[in-house]
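Written below as structure tokens is the structure these notes are about.
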Amino acid sequence: MRRELLFDCAPDWIRAAVVEDGVLCELHSEQVGSTKATESLFYGRIEQIRPSVGAAFVNIGLDRNGFLPLDELGDTPPKCGDMLIVQGAARQETEGKGLRLTARINLAGKGLVLVPGSSGAHVSKKVKDPQARAQLLEAAQALCPEGFGLIVRTASQDVTMALLEEEAQALLRQWKEAQRHAAGMTRPGVLMERLPLDRRLVRDMAGRELDRIVTNSVESAGAFAQMQRQGLIPETARIEHFAETEQLLFDAMCIETQIERALKKRVWLPCGGYLIIDRCEAMTVIDVNSGKMILGRSTEDTALRVNLEAAREVARLLRLRDVGGMVVVDFIDMALPEHREALVRALRDAAKADRAQVKVYGLTQLGLMELTRKRVHAELHRQLCAPCTYCSGTGEVLSPDEVARRALYAVRRKAISGQRGPYLVRLSPAAAQALSKRVCPPECAVYALAVPGRHAETFDIEPVDPAAGIPKGAVRLVERMEA
Ligand SMILES: [Zn+2]
């Protein structure tokens, strides 16, 4: 597989695309300066302890106090005014609230994670091979400094022992530096910012195959070159600066069009079939359709072909959209057990490229594929889209006929309460047309008036005096059904 990382750096935002064999598989973005968050270290002061919510609020020198779970503080109950080193927690689901903090510090490098205050060596659960695990564990035990825990990440498998040793030393220096910095501080503040998106992503990806890094920023190209000299990026990876003189980088690499396609509800497969993706509250539901594929003589083989292609695309889209939680896929029905097994295998295989944890449970009795995915960031839709202000996110509005019926019902309600008509009803052009085809209620005369640009679901009703004149364009409803 050919893997490339593309970076679109603007003065205030960085966007990163992970492209595999020319296909967009991950998209990340970050506001410049927002690195004072997840992974950053702070020197904080406990401002408030709230046992009812099980948390302490900690001043970390930002606009808002952070939020620290009390159970992380061990047996010694904290007091207001206590100063301590805390870290932005990895998962930030809260928007608008303060930063979630943790007192369990993790300093992550490329191949190692240093855990101050813990002890013992561990190997990341993602390393599955028992022999590799044993080797890495031995290495970690040799490297683990006294009084610290050390976790070996998957990326360490491709790194030499000398580099791991160097990294363990560097992480230890970082921690000591942070502690020294804290000792000299009298007020809460940032001790260590996490790396910006471009450098972080390159660091995290560098353990995997990486053919090329392209950035539109001279500065980040320079930073990558330096990381390569330090051995943090494999020598085989090409680092390129793309000068945006005639074309923008993401346009030149067709990233923008791929982003647009990935957000659509209907996603086409190369074979002519397509997926329909529905995001529900409880889960994401994906329907596989054979579409233009002619389910001819050998329906079973065609179904398998579409399904296998769909499985790869499902795995890619879950990654790209950063979908979390339960996912159900309704593949095309297949009768042969070996085909069904092949499909489950194909989906598991395709999910291996995902850095998030994906569990494929297999097919249920109704033939639905069940899987779960542990999301890392906010879903792509959350990042890029806002609910539609027109339909409030339901994706549907009342039909013109239903709006007309409601308007007539409201007119009758007014009429029987004593306010005699005739009435003028203003509504959207489509609803006005629907209303003008209805028969007038027995209570009073009704005029429908189309108001261009009006919301499709709303109307207002006011009494009118025909002697004083009816607005131009208003249509009077007929008195009885035409024979
Ligand atoms: Zn809408």
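In the structure tokens, the first chain shown is A, the next is B, and so on; residue numbers restart at 1 for each chain, and ligands run from 1 in the order shown.
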
List every residue of region 178-310 of chain A that DSSP, applied to the backbone of this structure, places in alpha helix (DSSP H), and write the result as a ChimeraX atom specification. /A:178-183,197-205,218-229,249-252,255-263,299-310

Residues from the last selection, N, CA and C atoms, saved as a compact mmCIF listing (two decimals), in the first residue's frame:
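Output (selection-v9.txt):
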# COMPACT_ATOMS: atom_id res chain seq x y z
N ALA A 178 9.34 19.64 32.99
CA ALA A 178 8.01 20.11 33.38
C ALA A 178 7.94 20.30 34.90
N GLN A 179 8.52 19.35 35.63
CA GLN A 179 8.50 19.44 37.08
C GLN A 179 9.29 20.65 37.57
N ARG A 180 10.47 20.87 36.91
CA ARG A 180 11.31 21.99 37.30
C ARG A 180 10.57 23.30 37.02
N HIS A 181 9.95 23.35 35.85
CA HIS A 181 9.17 24.51 35.44
C HIS A 181 8.07 24.79 36.47
N ALA A 182 7.36 23.72 36.89
CA ALA A 182 6.27 23.88 37.85
C ALA A 182 6.79 24.41 39.19
N ALA A 183 7.95 23.92 39.59
CA ALA A 183 8.49 24.33 40.88
C ALA A 183 8.76 25.83 40.92
N LEU A 197 -0.87 19.59 15.18
CA LEU A 197 -1.42 18.47 14.41
C LEU A 197 -0.44 17.85 13.41
N ASP A 198 0.25 18.69 12.62
CA ASP A 198 1.11 18.12 11.57
C ASP A 198 2.21 17.25 12.17
N ARG A 199 2.89 17.78 13.19
CA ARG A 199 3.99 17.01 13.78
C ARG A 199 3.48 15.80 14.55
N ARG A 200 2.32 15.97 15.21
CA ARG A 200 1.74 14.87 15.98
C ARG A 200 1.35 13.71 15.07
N LEU A 201 0.69 14.05 13.98
CA LEU A 201 0.22 13.01 13.07
C LEU A 201 1.39 12.27 12.44
N VAL A 202 2.39 13.03 12.04
CA VAL A 202 3.57 12.40 11.44
C VAL A 202 4.24 11.48 12.46
N ARG A 203 4.32 11.96 13.69
CA ARG A 203 4.92 11.13 14.74
C ARG A 203 4.13 9.82 14.91
N ASP A 204 2.80 9.95 14.96
CA ASP A 204 1.97 8.76 15.20
C ASP A 204 1.93 7.82 14.00
N MET A 205 2.10 8.36 12.81
CA MET A 205 1.98 7.54 11.61
C MET A 205 3.32 6.96 11.19
N VAL A 218 6.27 25.96 4.01
CA VAL A 218 7.73 25.83 4.04
C VAL A 218 8.17 25.47 5.45
N GLU A 219 7.48 26.11 6.42
CA GLU A 219 7.87 25.91 7.81
C GLU A 219 7.68 24.46 8.24
N SER A 220 6.50 23.87 7.92
CA SER A 220 6.28 22.49 8.37
C SER A 220 7.17 21.53 7.59
N ALA A 221 7.46 21.84 6.31
CA ALA A 221 8.39 20.99 5.55
C ALA A 221 9.75 20.96 6.25
N GLY A 222 10.17 22.11 6.77
CA GLY A 222 11.44 22.19 7.49
C GLY A 222 11.40 21.37 8.77
N ALA A 223 10.26 21.45 9.48
CA ALA A 223 10.12 20.69 10.72
C ALA A 223 10.15 19.19 10.45
N PHE A 224 9.52 18.78 9.33
CA PHE A 224 9.52 17.35 8.98
C PHE A 224 10.94 16.89 8.64
N ALA A 225 11.67 17.73 7.90
CA ALA A 225 13.04 17.37 7.53
C ALA A 225 13.88 17.16 8.78
N GLN A 226 13.63 18.02 9.78
CA GLN A 226 14.39 17.88 11.03
C GLN A 226 13.99 16.59 11.76
N MET A 227 12.67 16.29 11.75
CA MET A 227 12.22 15.06 12.39
C MET A 227 12.84 13.84 11.70
N GLN A 228 13.03 13.97 10.37
CA GLN A 228 13.63 12.85 9.64
C GLN A 228 15.09 12.67 10.04
N ARG A 229 15.79 13.79 10.22
CA ARG A 229 17.19 13.70 10.65
C ARG A 229 17.30 13.07 12.03
N LEU A 249 -3.02 22.79 -2.89
CA LEU A 249 -2.60 21.39 -2.70
C LEU A 249 -3.77 20.41 -2.66
N PHE A 250 -4.81 20.74 -1.84
CA PHE A 250 -5.92 19.80 -1.69
C PHE A 250 -6.75 19.68 -2.98
N ASP A 251 -6.69 20.72 -3.83
CA ASP A 251 -7.35 20.61 -5.13
C ASP A 251 -6.52 19.73 -6.05
N ALA A 252 -5.20 19.95 -6.03
CA ALA A 252 -4.32 19.20 -6.91
C ALA A 252 -4.39 17.70 -6.61
N ILE A 255 -8.53 16.18 -2.95
CA ILE A 255 -9.00 15.92 -1.59
C ILE A 255 -10.36 16.57 -1.35
N GLU A 256 -10.50 17.81 -1.82
CA GLU A 256 -11.76 18.53 -1.57
C GLU A 256 -12.97 17.76 -2.12
N THR A 257 -12.84 17.25 -3.34
CA THR A 257 -13.98 16.51 -3.92
C THR A 257 -14.23 15.23 -3.14
N GLN A 258 -13.17 14.61 -2.65
CA GLN A 258 -13.36 13.37 -1.88
C GLN A 258 -14.04 13.65 -0.54
N ILE A 259 -13.73 14.80 0.07
CA ILE A 259 -14.38 15.16 1.34
C ILE A 259 -15.88 15.32 1.09
N GLU A 260 -16.20 16.05 0.03
CA GLU A 260 -17.60 16.28 -0.28
C GLU A 260 -18.35 14.96 -0.49
N ARG A 261 -17.73 14.06 -1.23
CA ARG A 261 -18.37 12.78 -1.53
C ARG A 261 -18.57 11.97 -0.24
N ALA A 262 -17.59 12.05 0.66
CA ALA A 262 -17.66 11.24 1.88
C ALA A 262 -18.77 11.69 2.81
N LEU A 263 -19.21 12.93 2.68
CA LEU A 263 -20.24 13.44 3.58
C LEU A 263 -21.64 13.15 3.07
N THR A 299 -26.59 -14.56 -9.52
CA THR A 299 -26.92 -13.51 -8.55
C THR A 299 -26.01 -13.60 -7.32
N GLU A 300 -25.76 -14.80 -6.88
CA GLU A 300 -24.96 -15.01 -5.68
C GLU A 300 -23.55 -14.42 -5.85
N ASP A 301 -22.95 -14.65 -7.03
CA ASP A 301 -21.60 -14.13 -7.27
C ASP A 301 -21.60 -12.61 -7.36
N THR A 302 -22.61 -12.08 -8.01
CA THR A 302 -22.72 -10.62 -8.11
C THR A 302 -22.87 -10.01 -6.72
N ALA A 303 -23.72 -10.63 -5.91
CA ALA A 303 -23.95 -10.14 -4.55
C ALA A 303 -22.63 -10.15 -3.79
N LEU A 304 -21.86 -11.21 -3.94
CA LEU A 304 -20.59 -11.30 -3.22
C LEU A 304 -19.65 -10.20 -3.68
N ARG A 305 -19.62 -9.97 -4.99
CA ARG A 305 -18.72 -8.95 -5.53
C ARG A 305 -19.07 -7.57 -4.99
N VAL A 306 -20.35 -7.23 -5.03
CA VAL A 306 -20.78 -5.92 -4.51
C VAL A 306 -20.48 -5.84 -3.01
N ASN A 307 -20.79 -6.91 -2.29
CA ASN A 307 -20.59 -6.90 -0.83
C ASN A 307 -19.12 -6.72 -0.45
N LEU A 308 -18.23 -7.40 -1.18
CA LEU A 308 -16.81 -7.29 -0.83
C LEU A 308 -16.31 -5.87 -1.08
N GLU A 309 -16.78 -5.28 -2.18
CA GLU A 309 -16.39 -3.90 -2.47
C GLU A 309 -16.98 -2.97 -1.40
N ALA A 310 -18.23 -3.25 -1.03
CA ALA A 310 -18.91 -2.44 -0.01
C ALA A 310 -18.17 -2.54 1.33

Sort by chain and increasing residue number a table of all residues of chain A within 9 Å of ligand 1, each with its closest pair of atoms and their distance in Å to one decimal, counting only C-alpha atoms and all ligand atoms, and write it as JSON lines.
{"residue": "A:Pro387", "atom": "CA", "partner": "ligand 1", "partner_atom_place_in_ligand_line": "1 (Zn)", "distance": 7.5}
{"residue": "A:Cys388", "atom": "CA", "partner": "ligand 1", "partner_atom_place_in_ligand_line": "1 (Zn)", "distance": 4.4}
{"residue": "A:Thr389", "atom": "CA", "partner": "ligand 1", "partner_atom_place_in_ligand_line": "1 (Zn)", "distance": 6.5}
{"residue": "A:Tyr390", "atom": "CA", "partner": "ligand 1", "partner_atom_place_in_ligand_line": "1 (Zn)", "distance": 5.0}
{"residue": "A:Cys391", "atom": "CA", "partner": "ligand 1", "partner_atom_place_in_ligand_line": "1 (Zn)", "distance": 4.0}
{"residue": "A:Ser392", "atom": "CA", "partner": "ligand 1", "partner_atom_place_in_ligand_line": "1 (Zn)", "distance": 6.3}
{"residue": "A:Gly393", "atom": "CA", "partner": "ligand 1", "partner_atom_place_in_ligand_line": "1 (Zn)", "distance": 5.5}
{"residue": "A:Thr394", "atom": "CA", "partner": "ligand 1", "partner_atom_place_in_ligand_line": "1 (Zn)", "distance": 6.5}
{"residue": "A:Gly395", "atom": "CA", "partner": "ligand 1", "partner_atom_place_in_ligand_line": "1 (Zn)", "distance": 4.6}
{"residue": "A:Glu396", "atom": "CA", "partner": "ligand 1", "partner_atom_place_in_ligand_line": "1 (Zn)", "distance": 6.3}
{"residue": "A:Val397", "atom": "CA", "partner": "ligand 1", "partner_atom_place_in_ligand_line": "1 (Zn)", "distance": 7.6}

When you look at Phe57 (chain A) with a cut-off of 8 Å (counting only C-alpha atoms), what residues show up, excluding the ones that are within fewer than 3 positions of it in the same chain? I need them as a compact mmCIF listing (two decimals) with N, CA and C atoms, in the first residue's frame.
# COMPACT_ATOMS: atom_id res chain seq x y z
N ILE A 46 -6.42 23.76 42.58
CA ILE A 46 -7.79 23.32 42.85
C ILE A 46 -8.60 24.49 43.40
N GLU A 47 -9.68 24.84 42.70
CA GLU A 47 -10.47 26.01 43.08
C GLU A 47 -11.73 25.61 43.83
N GLN A 48 -12.25 24.40 43.51
CA GLN A 48 -13.54 24.02 44.05
C GLN A 48 -13.62 22.50 44.03
N ILE A 49 -14.15 21.92 45.11
CA ILE A 49 -14.32 20.46 45.14
C ILE A 49 -15.81 20.17 45.23
N ARG A 50 -16.30 19.38 44.30
CA ARG A 50 -17.74 19.08 44.27
C ARG A 50 -17.94 17.58 44.36
N ASN A 65 -12.07 26.93 34.06
CA ASN A 65 -11.44 25.93 34.91
C ASN A 65 -11.60 24.55 34.29
N GLY A 66 -10.60 23.70 34.48
CA GLY A 66 -10.70 22.32 34.03
C GLY A 66 -11.45 21.49 35.04
N PHE A 67 -11.70 20.25 34.67
CA PHE A 67 -12.59 19.37 35.38
C PHE A 67 -11.82 18.08 35.66
N LEU A 68 -11.57 17.80 36.94
CA LEU A 68 -10.71 16.65 37.28
C LEU A 68 -11.50 15.65 38.14

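Counting only C-alpha atoms, region 108-111 of chain A has the following residues at most 7 Å away, ignoring those fewer than 4 positions along the same chain: Val152, Arg153, Thr154, Ala155, Ser156, Leu164, Glu167, Arg203 and Asp204 of chain A.
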
For those residues, write C-alpha atoms to a file as a PDB file, in the first residue's frame.
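Now in result.pdb:
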ATOM      1  CA  VAL A 152       5.457   0.273  24.378  1.00  0.00           C
ATOM      2  CA  ARG A 153       3.311   1.397  21.438  1.00  0.00           C
ATOM      3  CA  THR A 154       2.744  -0.522  18.208  1.00  0.00           C
ATOM      4  CA  ALA A 155       4.978   1.906  16.328  1.00  0.00           C
ATOM      5  CA  SER A 156       7.954   0.713  18.372  1.00  0.00           C
ATOM      6  CA  LEU A 164      13.754   3.518  21.872  1.00  0.00           C
ATOM      7  CA  GLU A 167      13.188   8.230  23.311  1.00  0.00           C
ATOM      8  CA  ARG A 203       4.922  11.126  14.737  1.00  0.00           C
ATOM      9  CA  ASP A 204       1.971   8.761  15.195  1.00  0.00           C
TER      10      ASP A 204
END

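The residue that comes closest to Thr102 (chain A), out of A:Gln141, A:Thr38, A:Thr76, A:Gln31 and on the basis of only C-alpha atoms, is A:Thr38.
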
Which is closest to Gly149 (chain A) among A:Gly421, A:Gly189, A:Gly120, A:Gly473, if we use only C-alpha atoms? A:Gly120

Identify, on the basis of only C-alpha atoms, every residue whose closest approach to Arg15 (chain A) does not exceed 8 Å; exclude the query and any residue fewer than 2 positions from it along the same chain; express the result as a ChimeraX atom specification. /A:7-9,13,17,27-30

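Closest approach to Asn289 (chain A) from the set A:Val113, A:Ala467, A:Val58, A:Ile332 is made by A:Ile332, with distances taken over only C-alpha atoms.
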
Just the strand (DSSP E or B) stuff from region 37-237 of chain A, please, per backbone DSSP, written as number ranges by chain. A: 37-39, 41-50, 55-59, 66-69, 83-88, 100-102, 107-108, 112-116, 120-123, 148-152, 189-192, 212-215

Long-range neighbours of Val214 (chain A) as a list in words, 6 Å cut-off, only C-alpha atoms, 5 positions minimum in chain: Leu6, Glu240 and His241 of chain A

Any chance you can output those residues with N, CA and C atoms as a PDB file, in the first residue's frame?
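Saved result, again.pdb, follows:
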ATOM      1  N   LEU A   6      -0.888  14.503   3.600  1.00  0.00           N
ATOM      2  CA  LEU A   6      -0.939  15.812   2.959  1.00  0.00           C
ATOM      3  C   LEU A   6      -1.364  16.847   3.990  1.00  0.00           C
ATOM      4  N   GLU A 240       8.018  16.673   0.757  1.00  0.00           N
ATOM      5  CA  GLU A 240       7.931  17.642  -0.338  1.00  0.00           C
ATOM      6  C   GLU A 240       7.194  18.888   0.110  1.00  0.00           C
ATOM      7  N   HIS A 241       7.684  20.025  -0.376  1.00  0.00           N
ATOM      8  CA  HIS A 241       6.935  21.257  -0.194  1.00  0.00           C
ATOM      9  C   HIS A 241       6.194  21.536  -1.496  1.00  0.00           C
TER      10      HIS A 241
END

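Residue nearest Ile85 (chain A) within the list A:Leu41, A:Val127, A:Ile286, A:Ala55: A:Leu41 [criterion: smallest interatomic distance, only C-alpha atoms].
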
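Between CA of Arg279 (chain A) and CA of His381 (chain A) the interatomic distance comes to 9.7 Å.
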
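For the set A:Val411, A:Leu163, A:Ala168, A:Leu114, the residue with the smallest atom-to-atom gap to Leu232 (chain A) is A:Leu163, counting only C-alpha atoms.
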
Name the residues in contact with Glu443 (chain A) at a cut-off of 10 Å, using only C-alpha atoms, excluding same-chain residues fewer than 6 positions from it; report them as a list in words. Val411, Arg412, Arg413, Lys414, Ala415, Ile416, Arg420, Gly421 and Pro422 of chain A

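In this structure, CA of Thr215 (chain A) sits 9.9 Å away from CA of Glu244 (chain A).
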
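Of the listed residues A:Arg426, A:Arg133, A:Arg319, A:Arg454, the one whose atoms come nearest to Lys374 (chain A) is A:Arg319, with distances taken using only C-alpha atoms.
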